[in-house]
Amino acid sequence: MHIPDGYLGPKTYITMYAIFTAFIFVAIKKLKKKLSLKLIPFLGFASAFSFLIMMFNIPIPGGTTGHAVGAALAGLVIGPWAAMIAVSVALIIQALVFGDGGITAIGANCFTMAIVMPFIAVWTYKLIAGNTDNKRRTGVAAFFAGYVSLNVAALITAVLFGLQPIISTDAAGNPLYSPYPLKIAVPAMTLEHLLLFGIVEGIVTMVFFQYLKKANPELVSNK
Amino acid sequence: MLKILKNKWVVAFAIIIILTPLGIFLPEYFKAGDAWGEWSTEQVKEQTGSVPEGMKKEAELYKAPIADYTLNEESSMAKQSLYYILSAIIGVGIIFILSFGLKKLVSKNDRDPKLPAY
């Protein structure tokens, strides 16, 4: 889901940078108010966890690869605004140091994985778990927090890809950037995430969330 | 050194870092390629017959120092695993340094000195 350089035209990537900057600005403002020394190590852990979990490429035999992002777990544990910062840091390091995701696409990639994912995860979790502490229900809620959030992120990424041949063409109408239209990009990206990568994100979210809730109950409070 | 191993977070992250090469072994074993939409310009050319003009230029905008988490994509799996683990350590190391810096910054202007410092 890391869009490389060359796939998004300037119209798209500048817009995504603007949206990303606005969200980060709000996140920093919010965190300034309640950022305690106690939260900082967990901000770092969430960022490191997200960075590492994205290194575990999962193959579709004979096809493409994908991976979990860890942004749903981060959202559930440290809250969506802190998770936004944590996952963005991981994504920016991946782009700058490892060329995983383009530098022009940092805004877009941070929007889908660091902004959309933690929020969708927290909303999904609350919708399913409500105020219960029941282990089975919170487990199911955490699974779907991961599953749904990764799929929404994949869909948005696919739409960004698929818009390019429509909005970024030369005078003759040939695509200047990603050449794959919506009707190819959307089914390809959504299916693989619905059938495999989303399930992996769900399991990762559920397993680590249940563990952290048991080991650090004060950390995983309703945020 | 032994004391650091008593910290369960350090141990947990060390285990995850050591396991990261699974992320290159499994795709290799199952003959899976790149993620959808993360192809190089050469691969786009193979798939569609040409590379779009804008893509050609934009793709060359930036070269990452440790591109694709490796120093040499042609080297053996053992070496690739080593590069992958080193990449993981570098990534986590940068994040660690950043959080340490943030901690320093916050503790300097901390308004609530009652909080435990750790």
# chains A, B, ... in the order shown; residues from 1 in each chain; ligands from 1

call {"tool": "residues_around", "arguments": {"residues": "Pro80 in chain A", "least_positions_apart": "6", "cutoff": "10 Å", "atoms": "only C-alpha atoms", "output": "ChimeraX atom specification"}}
result
/A:27,71-74,86,114-123,223

call {"tool": "select_by_dssp", "arguments": {"residues": "range 3-210 of chain A", "states": "strand (DSSP E or B)", "output": "list in words"}}
result
Ile58, Pro59, Thr65, Gly66, Thr169 and Pro175 of chain A

call {"tool": "write_last_selection", "arguments": {"atoms": "N, CA, C and O atoms", "output": "short mmCIF file (atom, residue, chain, number, x, y, z; two decimals), in the first residue's frame"}}
result
data_model
loop_
_atom_site.label_atom_id
_atom_site.label_comp_id
_atom_site.auth_asym_id
_atom_site.auth_seq_id
_atom_site.Cartn_x
_atom_site.Cartn_y
_atom_site.Cartn_z
N ILE A 58 3.59 -10.63 3.21
CA ILE A 58 2.85 -11.88 3.13
C ILE A 58 2.52 -12.14 1.67
O ILE A 58 1.99 -11.26 0.98
N PRO A 59 2.88 -13.33 1.18
CA PRO A 59 2.67 -13.60 -0.24
C PRO A 59 1.28 -14.13 -0.56
O PRO A 59 0.69 -14.85 0.24
N THR A 65 2.34 -9.34 -3.04
CA THR A 65 2.53 -9.43 -1.60
C THR A 65 1.81 -8.26 -0.93
O THR A 65 1.44 -7.29 -1.59
N GLY A 66 1.64 -8.40 0.37
CA GLY A 66 1.04 -7.32 1.14
C GLY A 66 1.51 -7.49 2.58
O GLY A 66 2.33 -8.37 2.86
N THR A 169 -3.49 13.37 -17.48
CA THR A 169 -3.17 12.85 -18.81
C THR A 169 -2.49 13.93 -19.63
O THR A 169 -2.57 15.11 -19.31
N PRO A 175 -2.24 8.45 -20.11
CA PRO A 175 -1.91 8.67 -18.71
C PRO A 175 -0.47 9.12 -18.52
O PRO A 175 0.43 8.62 -19.19
#

call {"tool": "closest_atom_pairs", "arguments": {"of": "chain A", "to": "chain B", "cutoff": "7 Å", "atoms": "only C-alpha atoms", "output": "JSON lines"}}
result
{"residue": "A:His2", "atom": "CA", "partner": "B:Glu38", "partner_atom": "CA", "distance": 6.9}
{"residue": "A:Ile3", "atom": "CA", "partner": "B:Glu38", "partner_atom": "CA", "distance": 6.2}
{"residue": "A:Pro4", "atom": "CA", "partner": "B:Glu38", "partner_atom": "CA", "distance": 6.0}
{"residue": "A:Asp5", "atom": "CA", "partner": "B:Ala59", "partner_atom": "CA", "distance": 4.8}
{"residue": "A:Gly6", "atom": "CA", "partner": "B:Met55", "partner_atom": "CA", "distance": 3.9}
{"residue": "A:Tyr7", "atom": "CA", "partner": "B:Met55", "partner_atom": "CA", "distance": 6.0}
{"residue": "A:Leu37", "atom": "CA", "partner": "B:Ala117", "partner_atom": "CA", "distance": 6.3}
{"residue": "A:Lys38", "atom": "CA", "partner": "B:Tyr118", "partner_atom": "CA", "distance": 6.9}
{"residue": "A:Ile40", "atom": "CA", "partner": "B:Lys103", "partner_atom": "CA", "distance": 6.5}
{"residue": "A:Pro41", "atom": "CA", "partner": "B:Ser99", "partner_atom": "CA", "distance": 6.8}
{"residue": "A:Gly44", "atom": "CA", "partner": "B:Ser99", "partner_atom": "CA", "distance": 5.6}
{"residue": "A:Ser47", "atom": "CA", "partner": "B:Ile95", "partner_atom": "CA", "distance": 7.0}
{"residue": "A:Ala48", "atom": "CA", "partner": "B:Val92", "partner_atom": "CA", "distance": 5.4}
{"residue": "A:Leu52", "atom": "CA", "partner": "B:Ala88", "partner_atom": "CA", "distance": 6.6}
{"residue": "A:Met55", "atom": "CA", "partner": "B:Gly23", "partner_atom": "CA", "distance": 5.8}
{"residue": "A:Phe56", "atom": "CA", "partner": "B:Gly23", "partner_atom": "CA", "distance": 3.9}
{"residue": "A:Asn57", "atom": "CA", "partner": "B:Gly23", "partner_atom": "CA", "distance": 4.3}
{"residue": "A:Ile58", "atom": "CA", "partner": "B:Pro27", "partner_atom": "CA", "distance": 6.4}
{"residue": "A:Pro59", "atom": "CA", "partner": "B:Pro27", "partner_atom": "CA", "distance": 4.7}
{"residue": "A:Ile60", "atom": "CA", "partner": "B:Ala32", "partner_atom": "CA", "distance": 6.0}
{"residue": "A:Pro61", "atom": "CA", "partner": "B:Phe30", "partner_atom": "CA", "distance": 4.7}
{"residue": "A:Gly62", "atom": "CA", "partner": "B:Ala32", "partner_atom": "CA", "distance": 4.7}
{"residue": "A:Gly63", "atom": "CA", "partner": "B:Ala32", "partner_atom": "CA", "distance": 4.7}
{"residue": "A:Thr64", "atom": "CA", "partner": "B:Gly33", "partner_atom": "CA", "distance": 4.9}
{"residue": "A:Thr65", "atom": "CA", "partner": "B:Ala35", "partner_atom": "CA", "distance": 4.6}
{"residue": "A:Gly66", "atom": "CA", "partner": "B:Ala35", "partner_atom": "CA", "distance": 5.6}
{"residue": "A:Ile93", "atom": "CA", "partner": "B:Gly91", "partner_atom": "CA", "distance": 6.9}
{"residue": "A:Leu96", "atom": "CA", "partner": "B:Ala64", "partner_atom": "CA", "distance": 5.9}
{"residue": "A:Val97", "atom": "CA", "partner": "B:Ala64", "partner_atom": "CA", "distance": 5.3}
{"residue": "A:Phe98", "atom": "CA", "partner": "B:Ala67", "partner_atom": "CA", "distance": 4.5}
{"residue": "A:Gly99", "atom": "CA", "partner": "B:Ala64", "partner_atom": "CA", "distance": 4.8}
{"residue": "A:Asp100", "atom": "CA", "partner": "B:Asp68", "partner_atom": "CA", "distance": 6.4}
{"residue": "A:Pro175", "atom": "CA", "partner": "B:Pro52", "partner_atom": "CA", "distance": 6.2}
{"residue": "A:Leu176", "atom": "CA", "partner": "B:Gly54", "partner_atom": "CA", "distance": 4.7}
{"residue": "A:Tyr177", "atom": "CA", "partner": "B:Met55", "partner_atom": "CA", "distance": 4.8}
{"residue": "A:Met189", "atom": "CA", "partner": "B:Trp36", "partner_atom": "CA", "distance": 6.8}

call {"tool": "select_by_dssp", "arguments": {"residues": "range 50-143 of chain A", "states": "alpha helix (DSSP H)", "output": "number ranges by chain"}}
result
A: 50-53, 71-78, 80-98, 106-110, 117-129, 135-143

call {"tool": "residues_around", "arguments": {"residues": "Tyr17 in chain A", "least_positions_apart": "2", "cutoff": "9 Å", "atoms": "only C-alpha atoms", "output": "ChimeraX atom specification"}}
result
/A:12-15,19-22,104-108,110-111

call {"tool": "write_last_selection", "arguments": {"atoms": "all heavy atoms", "output": "short mmCIF file (atom, residue, chain, number, x, y, z; two decimals), in the first residue's frame"}}
result
data_model
loop_
_atom_site.label_atom_id
_atom_site.label_comp_id
_atom_site.auth_asym_id
_atom_site.auth_seq_id
_atom_site.Cartn_x
_atom_site.Cartn_y
_atom_site.Cartn_z
N THR A 12 -2.72 15.31 -7.29
CA THR A 12 -3.10 14.38 -6.23
C THR A 12 -2.14 14.47 -5.05
O THR A 12 -2.58 14.60 -3.91
CB THR A 12 -3.12 12.93 -6.76
OG1 THR A 12 -3.84 12.91 -7.98
CG2 THR A 12 -3.77 12.00 -5.75
N TYR A 13 -0.83 14.42 -5.34
CA TYR A 13 0.06 14.33 -4.19
C TYR A 13 0.14 15.63 -3.40
O TYR A 13 0.33 15.59 -2.18
CB TYR A 13 1.43 13.71 -4.53
CG TYR A 13 2.41 14.50 -5.37
CD1 TYR A 13 3.01 15.66 -4.89
CD2 TYR A 13 2.82 14.01 -6.61
CE1 TYR A 13 3.96 16.34 -5.65
CE2 TYR A 13 3.76 14.69 -7.37
CZ TYR A 13 4.32 15.86 -6.89
OH TYR A 13 5.25 16.53 -7.64
N ILE A 14 -0.04 16.77 -4.08
CA ILE A 14 -0.03 18.04 -3.33
C ILE A 14 -1.27 18.14 -2.44
O ILE A 14 -1.19 18.53 -1.28
CB ILE A 14 0.08 19.25 -4.31
CG1 ILE A 14 1.49 19.26 -4.93
CG2 ILE A 14 -0.18 20.57 -3.57
CD1 ILE A 14 1.67 20.23 -6.08
N THR A 15 -2.41 17.73 -2.99
CA THR A 15 -3.64 17.70 -2.19
C THR A 15 -3.47 16.82 -0.95
O THR A 15 -3.84 17.19 0.16
CB THR A 15 -4.83 17.16 -3.02
OG1 THR A 15 -4.89 17.88 -4.24
CG2 THR A 15 -6.13 17.28 -2.27
N ILE A 19 -3.72 17.75 3.07
CA ILE A 19 -4.61 17.10 4.04
C ILE A 19 -3.79 16.53 5.20
O ILE A 19 -4.12 16.70 6.37
CB ILE A 19 -5.42 15.98 3.35
CG1 ILE A 19 -6.33 16.57 2.27
CG2 ILE A 19 -6.23 15.18 4.37
CD1 ILE A 19 -7.04 15.54 1.41
N PHE A 20 -2.70 15.86 4.85
CA PHE A 20 -1.84 15.25 5.86
C PHE A 20 -1.30 16.31 6.83
O PHE A 20 -1.36 16.15 8.05
CB PHE A 20 -0.69 14.51 5.16
CG PHE A 20 0.41 14.06 6.07
CD1 PHE A 20 0.16 13.20 7.13
CD2 PHE A 20 1.73 14.47 5.86
CE1 PHE A 20 1.17 12.77 7.97
CE2 PHE A 20 2.75 14.05 6.69
CZ PHE A 20 2.46 13.20 7.75
N THR A 21 -0.80 17.43 6.27
CA THR A 21 -0.25 18.49 7.11
C THR A 21 -1.31 19.03 8.08
O THR A 21 -1.03 19.25 9.26
CB THR A 21 0.28 19.65 6.24
OG1 THR A 21 1.06 19.09 5.19
CG2 THR A 21 1.14 20.60 7.05
N ALA A 22 -2.54 19.22 7.56
CA ALA A 22 -3.61 19.75 8.42
C ALA A 22 -3.88 18.80 9.59
O ALA A 22 -3.99 19.23 10.75
CB ALA A 22 -4.88 19.94 7.59
N THR A 104 7.16 11.83 -2.91
CA THR A 104 6.02 12.62 -3.33
C THR A 104 4.73 12.07 -2.73
O THR A 104 3.78 12.81 -2.51
CB THR A 104 5.87 12.61 -4.87
OG1 THR A 104 5.84 11.24 -5.31
CG2 THR A 104 7.00 13.33 -5.55
N ALA A 105 4.73 10.78 -2.42
CA ALA A 105 3.50 10.12 -1.95
C ALA A 105 3.41 10.06 -0.42
O ALA A 105 2.51 9.41 0.11
CB ALA A 105 3.39 8.72 -2.55
N ILE A 106 4.33 10.73 0.28
CA ILE A 106 4.30 10.65 1.74
C ILE A 106 2.94 11.11 2.29
O ILE A 106 2.36 10.47 3.17
CB ILE A 106 5.46 11.47 2.37
CG1 ILE A 106 6.78 10.70 2.21
CG2 ILE A 106 5.20 11.75 3.86
CD1 ILE A 106 8.01 11.45 2.70
N GLY A 107 2.42 12.20 1.73
CA GLY A 107 1.12 12.70 2.20
C GLY A 107 0.02 11.67 2.00
O GLY A 107 -0.78 11.40 2.89
N ALA A 108 -0.01 11.07 0.81
CA ALA A 108 -1.04 10.08 0.49
C ALA A 108 -0.89 8.83 1.36
O ALA A 108 -1.86 8.32 1.93
CB ALA A 108 -0.96 9.70 -0.99
N CYS A 110 0.66 8.48 4.25
CA CYS A 110 0.37 8.77 5.66
C CYS A 110 -1.13 8.95 5.85
O CYS A 110 -1.68 8.56 6.87
CB CYS A 110 1.11 10.01 6.14
SG CYS A 110 2.87 9.74 6.39
N PHE A 111 -1.81 9.53 4.85
CA PHE A 111 -3.26 9.70 4.99
C PHE A 111 -3.95 8.35 5.12
O PHE A 111 -4.73 8.13 6.03
CB PHE A 111 -3.84 10.48 3.80
CG PHE A 111 -5.33 10.63 3.87
CD1 PHE A 111 -5.90 11.52 4.77
CD2 PHE A 111 -6.17 9.86 3.07
CE1 PHE A 111 -7.28 11.64 4.87
CE2 PHE A 111 -7.56 9.99 3.16
CZ PHE A 111 -8.10 10.87 4.07
#

call {"tool": "atom_distance", "arguments": {"atom1": "CA of Ile203 in chain A", "atom2": "CA of Gln80 in chain B"}}
result
27.5 Å

call {"tool": "closest_residue", "arguments": {"among": "A:Phe143, A:Phe209, A:Phe42, A:Tyr180", "to": "Gln47 in chain B", "atoms": "only C-alpha atoms"}}
result
A:Tyr180

call {"tool": "atom_distance", "arguments": {"atom1": "CA of Asn131 in chain A", "atom2": "CA of Ala145 in chain A"}}
result
15.2 Å
